[in-house]
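*Asks:* Input structure: start_0.cif, which contains mmCIF, C-alpha atoms and all ligand atoms.
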```cif
data_data
loop_
_atom_site.label_atom_id
_atom_site.label_comp_id
_atom_site.auth_asym_id
_atom_site.auth_seq_id
_atom_site.Cartn_x
_atom_site.Cartn_y
_atom_site.Cartn_z
CA ALA A 49 48.66 167.35 53.81
CA TRP A 50 49.71 166.29 57.26
CA MET A 51 46.23 166.82 58.68
CA ASP A 52 43.23 164.65 57.89
CA ALA A 53 41.28 166.35 55.06
CA ASP A 54 37.90 166.13 56.84
CA PHE A 55 39.40 167.64 59.98
CA ARG A 56 40.93 170.46 57.95
CA ARG A 57 37.59 171.18 56.29
CA GLN A 58 35.91 171.19 59.71
CA LEU A 59 38.50 173.60 61.11
CA SER A 60 38.20 175.83 58.06
CA ALA A 61 34.40 175.96 58.35
CA GLN A 62 34.63 176.91 62.03
CA ARG A 63 37.37 179.55 61.70
CA GLU A 64 36.08 183.09 62.16
CA ARG A 65 36.92 185.20 59.11
CA VAL A 66 37.90 188.81 59.61
CA GLU A 67 35.54 189.95 56.84
CA ASP A 68 32.66 188.18 58.62
CA ALA A 69 33.46 189.76 61.96
CA PHE A 70 34.23 193.33 60.86
CA GLU A 71 32.92 195.92 58.41
CA PHE A 72 35.94 197.60 56.80
CA GLU A 73 34.99 198.28 53.15
CA GLY A 74 35.98 201.86 52.25
CA ARG A 75 37.21 202.54 55.77
CA LYS A 76 40.95 202.63 55.09
CA VAL A 77 42.72 205.27 57.21
CA GLY A 78 46.31 204.35 56.56
CA ARG A 79 48.56 202.72 54.01
CA GLY A 80 52.28 202.17 54.09
CA SER A 81 55.13 199.72 53.69
CA TYR A 82 53.92 197.85 56.77
CA GLY A 83 50.52 197.25 55.24
CA GLN A 84 47.25 199.09 55.60
CA VAL A 85 45.00 200.08 58.49
CA PHE A 86 41.19 200.22 58.54
CA LYS A 87 38.90 201.87 61.07
CA THR A 88 36.26 199.20 61.69
CA LYS A 89 33.21 198.38 63.73
CA PRO A 90 32.31 194.82 64.73
CA ARG A 91 29.42 193.58 62.57
CA SER A 92 27.62 192.14 65.59
CA CYS A 93 26.18 195.40 66.93
CA ALA A 94 26.26 193.96 70.47
CA ASP A 95 29.79 195.12 71.16
CA ALA A 96 29.53 198.13 68.86
CA SER A 97 29.32 200.28 71.99
CA ALA A 98 32.88 199.31 72.82
CA GLY A 99 34.20 201.94 70.41
CA ASP A 100 35.97 201.43 67.12
CA TYR A 101 38.71 199.00 66.25
CA ALA A 102 41.76 199.33 64.04
CA LEU A 103 42.41 196.44 61.69
CA LYS A 104 45.95 196.30 60.35
CA GLN A 105 46.37 194.12 57.26
CA ILE A 106 50.04 193.21 57.21
CA GLU A 107 51.81 193.71 53.86
CA GLY A 108 52.77 190.56 52.04
CA SER A 109 51.54 187.09 52.88
CA GLY A 110 52.47 184.46 55.36
CA LEU A 111 54.43 184.93 58.54
CA SER A 112 57.03 187.45 57.40
CA MET A 113 59.83 188.49 59.72
CA SER A 114 58.11 191.77 60.56
CA ALA A 115 54.73 190.07 61.12
CA CYS A 116 56.35 187.63 63.54
CA ARG A 117 58.19 190.41 65.36
CA GLU A 118 55.08 192.57 65.71
CA ILE A 119 52.88 189.70 66.92
CA ALA A 120 55.51 188.22 69.26
CA LEU A 121 56.27 191.63 70.73
CA LEU A 122 52.74 192.96 71.10
CA ARG A 123 51.19 189.82 72.54
CA GLU A 124 53.63 189.97 75.49
CA LEU A 125 53.12 193.68 76.22
CA LYS A 126 50.23 195.06 78.25
CA HIS A 127 50.27 198.64 79.58
CA PRO A 128 47.66 201.45 79.47
CA ASN A 129 50.04 203.69 77.50
CA VAL A 130 51.15 201.13 74.93
CA ILE A 131 48.99 200.12 71.94
CA SER A 132 47.40 196.76 72.71
CA LEU A 133 46.92 193.89 70.29
CA LYS A 134 43.41 192.44 70.78
CA GLN A 135 43.37 189.63 68.22
CA VAL A 136 45.30 188.05 65.34
CA TYR A 137 43.45 186.71 62.27
CA LEU A 138 45.17 184.34 59.85
CA ALA A 139 43.25 184.06 56.59
CA HIS A 140 44.31 180.61 55.46
CA GLU A 141 43.10 180.99 51.87
CA THR A 142 45.04 184.18 51.14
CA ARG A 143 47.66 183.68 53.88
CA GLN A 144 46.86 187.26 54.89
CA ILE A 145 47.57 188.37 58.45
CA TRP A 146 45.28 190.84 60.20
CA LEU A 147 45.97 192.46 63.58
CA LEU A 148 43.13 193.92 65.66
CA PHE A 149 43.76 196.94 67.92
CA ASP A 150 41.63 199.41 69.83
CA TYR A 151 41.34 202.36 67.43
CA ALA A 152 43.12 205.63 68.24
CA GLU A 153 41.49 208.63 66.55
CA HIS A 154 44.31 211.13 67.17
CA ASP A 155 48.10 211.38 67.14
CA LEU A 156 50.55 214.12 68.15
CA TRP A 157 51.62 214.77 64.54
CA ARG A 158 48.11 215.83 63.51
CA MET A 159 47.41 217.54 66.85
CA ILE A 160 50.57 219.68 66.74
CA ASN A 161 49.95 220.57 63.07
CA PHE A 162 46.43 221.62 64.02
CA HIS A 163 47.74 224.00 66.70
CA ALA A 164 50.46 225.31 64.38
CA SER A 165 47.84 226.08 61.68
CA ALA A 166 45.52 227.69 64.23
CA LYS A 167 48.39 229.92 65.41
CA LYS A 168 49.06 231.01 61.83
CA CYS A 169 45.44 232.17 61.67
CA ASN A 170 45.68 233.79 65.08
CA SER A 171 42.76 231.64 66.13
CA GLN A 172 43.93 230.28 69.47
CA VAL A 173 42.63 226.87 70.53
CA SER A 174 42.05 226.58 74.27
CA LEU A 175 43.79 223.64 75.93
CA PRO A 176 44.03 222.56 79.57
CA PRO A 177 47.04 224.11 81.38
CA ASN A 178 48.40 220.63 82.12
CA PHE A 179 48.07 219.42 78.49
CA THR A 180 51.82 219.04 77.81
CA LYS A 181 52.49 217.67 81.31
CA SER A 182 49.75 215.02 80.99
CA ILE A 183 51.01 213.86 77.58
CA MET A 184 54.63 213.81 78.75
CA HIS A 185 53.71 211.84 81.90
CA GLN A 186 51.91 209.15 79.88
CA ILE A 187 54.67 208.90 77.23
CA LEU A 188 57.23 208.39 80.01
CA CYS A 189 55.01 205.81 81.76
CA GLY A 190 54.67 203.85 78.50
CA ILE A 191 58.40 204.08 77.71
CA HIS A 192 59.30 203.15 81.30
CA TYR A 193 57.21 200.00 80.86
CA LEU A 194 58.83 199.17 77.49
CA HIS A 195 62.35 199.86 78.78
CA SER A 196 61.80 197.76 81.90
CA ASN A 197 60.86 194.93 79.50
CA TRP A 198 64.00 195.68 77.51
CA VAL A 199 62.01 196.89 74.54
CA LEU A 200 63.53 199.96 72.84
CA HIS A 201 61.21 201.96 70.60
CA ARG A 202 63.94 203.35 68.24
CA ASP A 203 61.58 205.62 66.28
CA LEU A 204 59.76 207.85 68.75
CA LYS A 205 58.22 210.88 67.03
CA PRO A 206 54.85 212.68 67.22
CA ALA A 207 53.24 210.44 64.57
CA ASN A 208 53.90 207.39 66.77
CA ILE A 209 52.25 208.92 69.86
CA LEU A 210 48.53 208.12 69.50
CA VAL A 211 45.72 209.57 71.64
CA MET A 212 42.33 207.88 72.12
CA GLY A 213 39.32 209.85 70.88
CA ALA A 214 36.02 210.97 72.43
CA THR A 215 34.13 207.76 71.56
CA SER A 216 36.71 205.55 73.28
CA PRO A 217 36.25 204.37 76.88
CA GLU A 218 39.89 205.54 77.29
CA ARG A 219 39.16 209.11 76.11
CA GLY A 220 42.34 211.23 76.02
CA ARG A 221 44.77 208.44 76.90
CA VAL A 222 48.19 208.30 75.20
CA LYS A 223 49.11 205.06 73.41
CA ILE A 224 52.66 204.57 72.15
CA ALA A 225 52.66 202.87 68.75
CA ASP A 226 55.04 202.18 65.87
CA LEU A 227 53.39 202.97 62.57
CA GLY A 228 56.44 202.05 60.59
CA LEU A 229 58.49 204.18 58.18
CA ALA A 230 55.88 204.88 55.60
CA ARG A 231 52.77 206.94 56.02
CA LEU A 232 50.19 204.76 57.70
CA PHE A 233 47.69 207.51 58.28
CA HIS A 234 46.83 209.37 55.15
CA GLN A 235 46.79 213.04 56.10
CA PRO A 236 44.28 215.28 54.34
CA LEU A 237 46.23 216.83 51.46
CA THR A 238 48.73 218.63 53.65
CA PRO A 239 49.87 222.07 52.44
CA LEU A 240 53.44 221.92 51.16
CA THR A 241 54.58 223.88 54.21
CA GLU A 242 53.87 221.03 56.59
CA ILE A 243 56.53 218.39 56.09
CA ASP A 244 54.91 215.06 55.53
CA PRO A 245 55.83 212.39 58.10
CA VAL A 246 56.43 209.95 55.28
CA VAL A 247 59.86 211.40 54.56
CA VAL A 248 62.19 209.82 57.09
CA THR A 249 63.10 212.67 59.40
CA PHE A 250 66.24 212.92 61.47
CA TRP A 251 64.66 215.59 63.69
CA TYR A 252 64.27 213.19 66.65
CA ARG A 253 67.56 211.33 66.26
CA ALA A 254 69.99 211.62 69.17
CA PRO A 255 73.38 213.21 68.37
CA GLU A 256 75.27 210.00 69.14
CA LEU A 257 73.28 208.24 66.39
CA LEU A 258 74.20 211.00 63.92
CA LEU A 259 77.82 210.50 64.96
CA GLY A 260 77.81 206.79 64.22
CA ALA A 261 76.83 205.15 67.53
CA ARG A 262 76.40 201.50 66.64
CA HIS A 263 73.61 200.53 69.02
CA TYR A 264 70.25 201.94 70.00
CA THR A 265 69.94 202.61 73.72
CA LYS A 266 67.24 203.68 76.18
CA ALA A 267 68.90 207.12 76.25
CA ILE A 268 68.20 207.46 72.51
CA ASP A 269 64.47 207.09 73.22
CA LEU A 270 64.70 209.71 76.01
CA TRP A 271 66.33 212.23 73.63
CA ALA A 272 63.39 211.80 71.23
CA ILE A 273 60.97 212.36 74.13
CA GLY A 274 62.80 215.62 74.88
CA CYS A 275 62.33 216.68 71.24
CA ILE A 276 58.61 215.84 71.49
CA MET A 277 58.27 217.85 74.74
CA ALA A 278 59.79 220.94 73.10
CA GLU A 279 57.47 220.51 70.09
CA LEU A 280 54.41 220.23 72.37
CA ILE A 281 55.43 223.54 73.99
CA THR A 282 56.27 225.48 70.81
CA ASP A 283 54.24 223.67 68.09
CA LYS A 284 57.49 223.57 66.09
CA PRO A 285 59.95 220.69 65.63
CA LEU A 286 62.90 221.76 67.83
CA PHE A 287 65.56 220.39 65.49
CA TYR A 288 63.71 221.09 62.25
CA CYS A 289 66.03 220.56 59.30
CA LYS A 290 65.15 220.72 55.62
CA GLN A 291 64.57 217.26 54.19
CA GLU A 292 67.18 215.88 51.85
CA GLU A 293 65.92 215.40 48.31
CA ASP A 294 66.73 211.72 48.37
CA ILE A 295 68.07 210.08 51.46
CA LYS A 296 70.32 207.65 49.63
CA THR A 297 73.16 208.24 52.06
CA SER A 298 73.35 205.13 54.13
CA SER A 299 75.78 206.95 56.39
CA PRO A 300 74.30 207.85 59.79
CA TYR A 301 76.26 211.13 59.66
CA ASN A 302 74.00 214.02 58.70
CA ARG A 303 75.82 217.33 58.70
CA ASP A 304 72.73 219.54 58.31
CA GLN A 305 70.93 217.85 61.19
CA LEU A 306 73.97 218.19 63.45
CA GLU A 307 74.31 221.85 62.41
CA ARG A 308 70.70 222.46 63.48
CA ILE A 309 71.27 220.74 66.86
CA PHE A 310 74.41 222.81 67.55
CA SER A 311 72.69 226.06 66.56
CA VAL A 312 70.07 225.38 69.26
CA MET A 313 72.12 223.59 71.92
CA GLY A 314 75.59 225.04 71.40
CA PHE A 315 78.61 222.85 70.61
CA PRO A 316 79.44 220.05 73.11
CA SER A 317 82.70 220.66 75.00
CA GLN A 318 84.98 217.94 76.34
CA GLN A 319 83.47 218.60 79.76
CA ASP A 320 79.89 218.28 78.39
CA TRP A 321 80.52 214.93 76.64
CA ARG A 322 83.65 213.03 77.61
CA ASP A 323 83.11 210.10 75.20
CA LEU A 324 82.45 212.31 72.12
CA PRO A 325 85.96 211.77 70.63
CA HIS A 326 85.40 207.97 70.72
CA LEU A 327 82.41 208.09 68.38
CA PRO A 328 83.05 206.69 64.87
CA LYS A 329 82.22 209.92 63.04
CA TYR A 330 84.18 212.24 65.36
CA GLY A 331 86.69 212.82 62.54
CA ASP A 332 83.92 214.09 60.23
CA LEU A 333 82.65 216.28 63.05
CA VAL A 334 86.04 217.96 63.52
CA ARG A 335 86.48 218.33 59.78
CA ASN A 336 83.06 219.96 59.36
CA PHE A 337 82.81 221.97 62.58
CA GLY A 338 86.35 222.41 63.94
CA THR A 339 86.23 223.36 67.60
CA GLY A 340 82.64 224.63 67.25
CA GLN A 341 83.55 228.15 68.37
CA GLN A 342 80.87 229.53 66.04
CA TYR A 343 78.24 227.97 68.35
CA ALA A 344 79.76 229.23 71.59
CA ARG A 345 76.92 231.62 72.43
CA PHE A 346 74.07 229.18 71.66
CA SER A 347 72.25 227.18 74.35
CA LEU A 348 68.88 225.56 74.86
CA GLY A 349 68.06 228.13 77.52
CA ARG A 350 68.85 230.98 75.15
CA HIS A 351 66.77 229.35 72.37
CA MET A 352 63.73 228.62 74.52
CA SER A 353 63.75 231.95 76.36
CA ARG A 354 64.37 234.13 73.30
CA SER A 355 61.99 232.38 70.92
CA PHE A 356 59.30 231.24 73.37
CA GLY A 357 59.74 233.29 76.51
CA MET A 358 60.38 230.16 78.54
CA SER A 359 61.98 230.73 81.94
CA GLU A 360 65.26 228.85 82.41
CA THR A 361 64.42 228.42 86.09
CA SER A 362 61.06 226.71 85.47
CA SER A 363 60.82 222.99 86.30
CA GLU A 364 59.44 222.49 82.76
CA PHE A 365 62.69 223.85 81.28
CA ARG A 366 64.83 221.91 83.76
CA LEU A 367 63.27 218.59 82.74
CA LEU A 368 63.58 219.52 79.05
CA SER A 369 67.30 220.28 79.41
CA ARG A 370 67.86 217.02 81.32
CA LEU A 371 66.20 215.01 78.52
CA LEU A 372 68.21 216.89 75.89
CA ALA A 373 71.63 216.31 77.46
CA MET A 374 74.10 215.92 74.57
CA ASP A 375 75.96 213.16 76.47
CA PRO A 376 73.62 210.12 76.56
CA LEU A 377 75.07 209.09 79.94
CA ARG A 378 73.71 212.30 81.45
CA ARG A 379 70.12 211.81 80.27
CA PRO A 380 67.67 210.58 82.92
CA SER A 381 66.08 207.14 82.71
CA ALA A 382 62.31 207.13 82.15
CA ARG A 383 61.83 206.46 85.88
CA GLU A 384 64.14 209.36 86.88
CA ALA A 385 62.25 211.66 84.48
CA LEU A 386 58.92 210.59 86.04
CA GLU A 387 60.31 211.48 89.48
CA ASP A 388 61.21 215.01 88.30
CA ARG A 389 59.73 217.89 90.31
CA TYR A 390 57.85 218.98 87.14
CA PHE A 391 55.30 216.16 87.62
CA LEU A 392 54.85 216.84 91.35
CA GLU A 393 53.99 220.51 90.96
CA GLU A 394 50.52 221.93 90.22
CA PRO A 395 48.82 221.45 87.84
CA ARG A 396 49.23 217.70 88.18
CA PRO A 397 49.15 215.45 85.06
CA ALA A 398 45.69 214.11 84.17
CA ALA A 399 44.60 210.66 82.93
CA ASP A 400 42.57 212.30 80.14
CA VAL A 401 45.00 214.71 78.48
CA PHE A 402 42.02 216.79 77.25
CA ASN A 403 40.53 216.91 80.77
CA ASP A 404 36.90 218.00 80.20
CA PHE A 405 37.79 220.24 77.23
CA ASP A 406 36.11 219.54 73.90
CA ILE A 407 38.45 217.75 71.50
CA PRO A 408 39.06 220.23 68.65
CA TYR A 409 40.73 217.82 66.17
CA GLY A 410 38.94 216.22 63.23
CA LYS A 411 38.58 212.49 62.75
CA ARG A 412 40.97 210.73 60.41
CA ASP A 413 40.00 210.84 56.74
CA PHE A 414 39.20 207.66 54.87
CA ILE A 415 41.46 206.92 51.92
CA SER A 416 39.71 206.16 48.66
CA ASP A 417 42.06 203.95 46.68
CA SER A 418 41.45 205.97 43.48
CA SER A 419 42.89 209.19 44.90
CA ASP A 420 45.83 207.25 46.15
CA ASN A 421 46.64 205.11 43.17
CA LYS A 422 50.16 205.12 41.91
CA ASP A 423 49.56 206.00 38.26
CA ASP A 424 48.21 209.42 39.14
CA PRO A 425 50.37 211.67 36.87
CA ALA A 426 50.62 214.30 39.59
CA ARG A 427 51.83 211.67 42.01
CA LEU A 428 54.28 210.20 39.51
CA HIS A 429 55.71 213.68 38.94
CA PHE A 430 56.30 214.29 42.66
CA ALA A 431 57.39 210.73 43.23
CA SER A 432 60.05 211.10 40.54
CA ARG A 433 61.60 213.86 42.63
CA GLY A 434 62.10 211.35 45.38
CA ARG A 435 60.11 213.52 47.74
CA HIS A 436 56.80 212.64 49.32
CA LEU A 437 55.28 216.06 48.78
CA ALA A 438 51.58 216.44 49.24
CA VAL A 439 50.20 215.58 45.82
CA ALA A 440 48.82 218.73 44.18
CA SER A 441 45.40 217.37 43.41
CA GLN A 442 42.55 218.48 41.19
CA GLN A 443 40.69 219.47 44.32
CA GLN A 444 41.21 223.16 44.94
CA GLN A 445 42.86 223.58 48.33
CA ARG A 446 41.21 226.55 50.02
CA PRO A 447 43.38 228.40 52.58
CA ILE A 448 43.35 226.43 55.80
CA CYS A 449 42.89 229.59 57.83
CA SER A 450 39.17 229.08 57.98
CA GLN A 451 37.54 228.23 61.27
CA GLN A 452 36.77 224.66 60.37
CA LEU A 453 39.33 221.93 60.82
CA PRO A 454 41.92 221.30 58.11
CA HIS A 455 39.94 218.81 56.03
CA ARG A 456 40.27 217.58 52.46
CA PHE A 457 38.49 220.19 50.36
CA ASP A 458 36.52 219.09 47.33
CA SER A 459 36.25 221.75 44.68
C1 LIG A 501 57.25 195.13 62.43
C2 LIG A 501 56.67 195.81 63.64
C3 LIG A 501 55.81 196.90 63.45
C4 LIG A 501 55.29 197.56 64.56
C5 LIG A 501 55.61 197.11 65.85
N1 LIG A 501 55.11 197.77 66.97
N2 LIG A 501 55.88 198.02 68.05
C6 LIG A 501 55.13 198.67 68.94
C7 LIG A 501 55.63 199.12 70.29
C8 LIG A 501 55.14 200.51 70.60
C9 LIG A 501 55.13 198.17 71.34
C10 LIG A 501 57.15 199.13 70.30
C11 LIG A 501 53.84 198.86 68.42
C12 LIG A 501 53.85 198.25 67.17
N3 LIG A 501 52.81 198.12 66.24
C13 LIG A 501 51.89 199.10 65.99
O1 LIG A 501 51.84 200.13 66.60
N4 LIG A 501 51.01 198.83 64.98
C14 LIG A 501 50.11 199.84 64.41
C15 LIG A 501 48.81 199.99 65.18
C16 LIG A 501 47.82 200.72 64.30
N5 LIG A 501 47.02 201.67 65.09
C17 LIG A 501 46.26 201.00 66.15
C18 LIG A 501 45.42 202.02 66.89
O2 LIG A 501 44.58 202.77 65.99
C19 LIG A 501 45.31 203.44 64.96
C20 LIG A 501 46.14 202.45 64.18
C21 LIG A 501 56.47 196.03 66.03
C22 LIG A 501 56.99 195.39 64.91
#
```
Turn the structure described in the file into structure tokens.

*Replies:*
Amino acid sequence: AWMDADFRRQLSAQRERVEDAFEFEGRKVGRGSYGQVFKTKPRSCADASAGDYALKQIEGSGLSMSACREIALLRELKHPNVISLKQVYLAHETRQIWLLFDYAEHDLWRMINFHASAKKCNSQVSLPPNFTKSIMHQILCGIHYLHSNWVLHRDLKPANILVMGATSPERGRVKIADLGLARLFHQPLTPLTEIDPVVVTFWYRAPELLLGARHYTKAIDLWAIGCIMAELITDKPLFYCKQEEDIKTSSPYNRDQLERIFSVMGFPSQQDWRDLPHLPKYGDLVRNFGTGQQYARFSLGRHMSRSFGMSETSSEFRLLSRLLAMDPLRRPSAREALEDRYFLEEPRPAADVFNDFDIPYGKRDFISDSSDNKDDPARLHFASRGRHLAVASQQQQRPICSQQLPHRFDS
């Protein structure tokens, strides 16, 4: 050992251990390929008032590539609308890596599903009139900060937009995160109708990516933000497309997803998108869609006004159509989007997206490892179909149209 043994022992005795500092037994709220996340409280009750913390135990041991990337990236970044890394713990015995964050109780995936379920039961949930505007403003502020530091998100979607809960000093503040591909937050057993975020969705992928664009760009993040804005307004994924049984295709070209985009937006003309013919998969596009005449009468304005009564002259619609420009060169930068008239008009965006409204969403459920173990026959059955369907469990799932929040029901 290159260090003096006594000195090593002294260091080891002094090093604060994560299990000594935090209580996290049975408090797992997420599990995925990236590792697992616990909702913890510091053991020393002194700073217990400072709200909860999220402890992420990184999958694997030692400084993996992803652990290095996450630590190197997060330690440099500091913005109110970007998740902030508070501390890194290296357990020398197990070579485990733990990351400490301020805990975010909510996320847009669960919030939107809650509103969609409430609508199905005709039980409206009252929200501040500037709810969407406040969330959009804070997403754009966070992305503007990342983009100005040349950080691209690459996987913006509702599940990665966190919102601080009532017990946090930052109540109702948006925090952009990256929970990784797999499910990090275990949702209560979601009814089969709600597509699980674990299945990689193409619903937020910009058209140029689906047509083989080789590099991620800032404009690709802005497209995803446009998709999120539409979903906040309608409680439905704008470019919802049934999930492939098994996404083995490594090709970026996804015909069904493109079909869905064209049936909402119309088909891009040469005038709309000059560089379209230069994209790698343009040949596939022509083969599958020809000149796109069958989409001639479709447009975002038609979709949003017919299905959601949205006025095409409203500043809300104008910003949405700017963000969802088919040609990436025509999409606004995050700064240009923030300067849009939409954010200058009443009601103005608020720092607490809930304003003084009660927060109607439930807290995240804790995962008990038993219910989530891999040898569960039900799970194996679903898993074998290559889909991450909600596991039909022994617990009887009562209809979710009851007043209380969609929680895990125990029979
Ligand atoms: C390999 C890798 C993985 C993730 C990241 N990453 N990148 C980001 C951005 C938003 C700054 C781009 C955030 C994270 N990590 C992360 O959100 N971590 C999860 C935080 C867990 N939440 C904390 C708040 O409470 C709920 C759980 C980077 C590299």

*Asks:* Check every protein, DNA and RNA residue against ligand LIG 501 (chain A), keep those with an atom at most 6 Å away (counting all atoms listed in the file), and present them as a PyMOL selection string.

*Replies:* chain A and resi 102+114-115+117-118+122+130+149-152+201+224-228

*Asks:* Please measure the separation of CA of Phe365 in chain A and CA of Ser311 in chain A, giving the value in Å to one decimal.

*Replies:*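 Separation of CA of Phe365 in chain A and CA of Ser311 in chain A: 17.9 Å.
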
*Asks:* Using CA of Ala120 in chain A and CA of Tyr101 in chain A as the two end points, give the distance in Å to one decimal.

*Replies:* 20.2 Å

*Asks:* Have a look at CA of Pro90 in chain A and CA of Ala69 in chain A and let me know their distance in Å, one decimal.

*Replies:*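 Going from CA of Pro90 in chain A over to CA of Ala69 in chain A, I get 5.9 Å.
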
*Asks:* Go through A:Ala267, A:Leu258, A:Leu306, A:Val222 and flag the residue nearest His185 in chain A, using all atoms listed in the file for the distances.

*Replies:*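 Ranking A:Ala267, A:Leu258, A:Leu306, A:Val222 by distance to His185 in chain A, first place goes to A:Val222.
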
*Asks:* Up to 12 Å from (46.6, 212.6, 78.6) in the file's coordinates: name the residues, counting all atoms listed in the file, as a ChimeraX atom specification.

*Replies:* /A:128-129,154-156,175-190,209-213,218-224,396-405,407

*Asks:* Please provide as a PyMOL selection string all residues within 9 Å of Gly74 in chain A, with the sequence filter that same-chain residues fewer than 6 positions apart are discarded (counting all atoms listed in the file).

*Replies:* chain A and resi 86+414-417

*Asks:* Could you tell me which of A:Phe356, A:Arg91, A:Ile119, A:Ala373 comes closest to Lys134 in chain A if we count all atoms listed in the file?

*Replies:*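 Closest to Lys134 in chain A of all the choices is A:Ile119.
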
*Asks:* Which residue, A:Lys168, A:Tyr390, A:Tyr137, A:Glu384, has the smallest gap to Thr361 in chain A when you use only C-alpha atoms?

*Replies:*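 The shortest atom-to-atom distance to Thr361 in chain A comes from A:Tyr390.
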
*Asks:* Please determine, counting all atoms listed in the file, which residue among A:Pro325, A:Ala207, A:Arg383, A:Asp52 has the shortest atom-to-atom distance to Ala261 in chain A.

*Replies:*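 The answer is A:Pro325, which sits nearest to Ala261 in chain A.
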
*Asks:* Could you list, as a PyMOL selection string, every residue within 12 Å of Gln318 in chain A, counting all atoms listed in the file and ignoring same-chain residues fewer than 3 positions away?

*Replies:* chain A and resi 315+321-326+339-340+374-375

*Asks:* Please report, as JSON, the centre and edge lengths in Å to one decimal of an axis-aligned box covering all listed atoms of range 184-195 of chain A with 6 Å per side.

*Replies:*
```
{"center_x": 57.1, "center_y": 206.5, "center_z": 79.6, "size_x": 22.4, "size_y": 26.6, "size_z": 16.7}
```

*Asks:* With all atoms listed in the file as the basis for distance, which of A:Leu138, A:Leu333, A:Ile131, A:Ile145 is at the shortest distance from Ile106 in chain A?

*Replies:* A:Ile145

*Asks:* I need the residue nearest Arg345 in chain A from this list: A:Ile273, A:Pro316, A:Lys266, A:Ser132. Use all atoms listed in the file for the distance.

*Replies:* A:Pro316
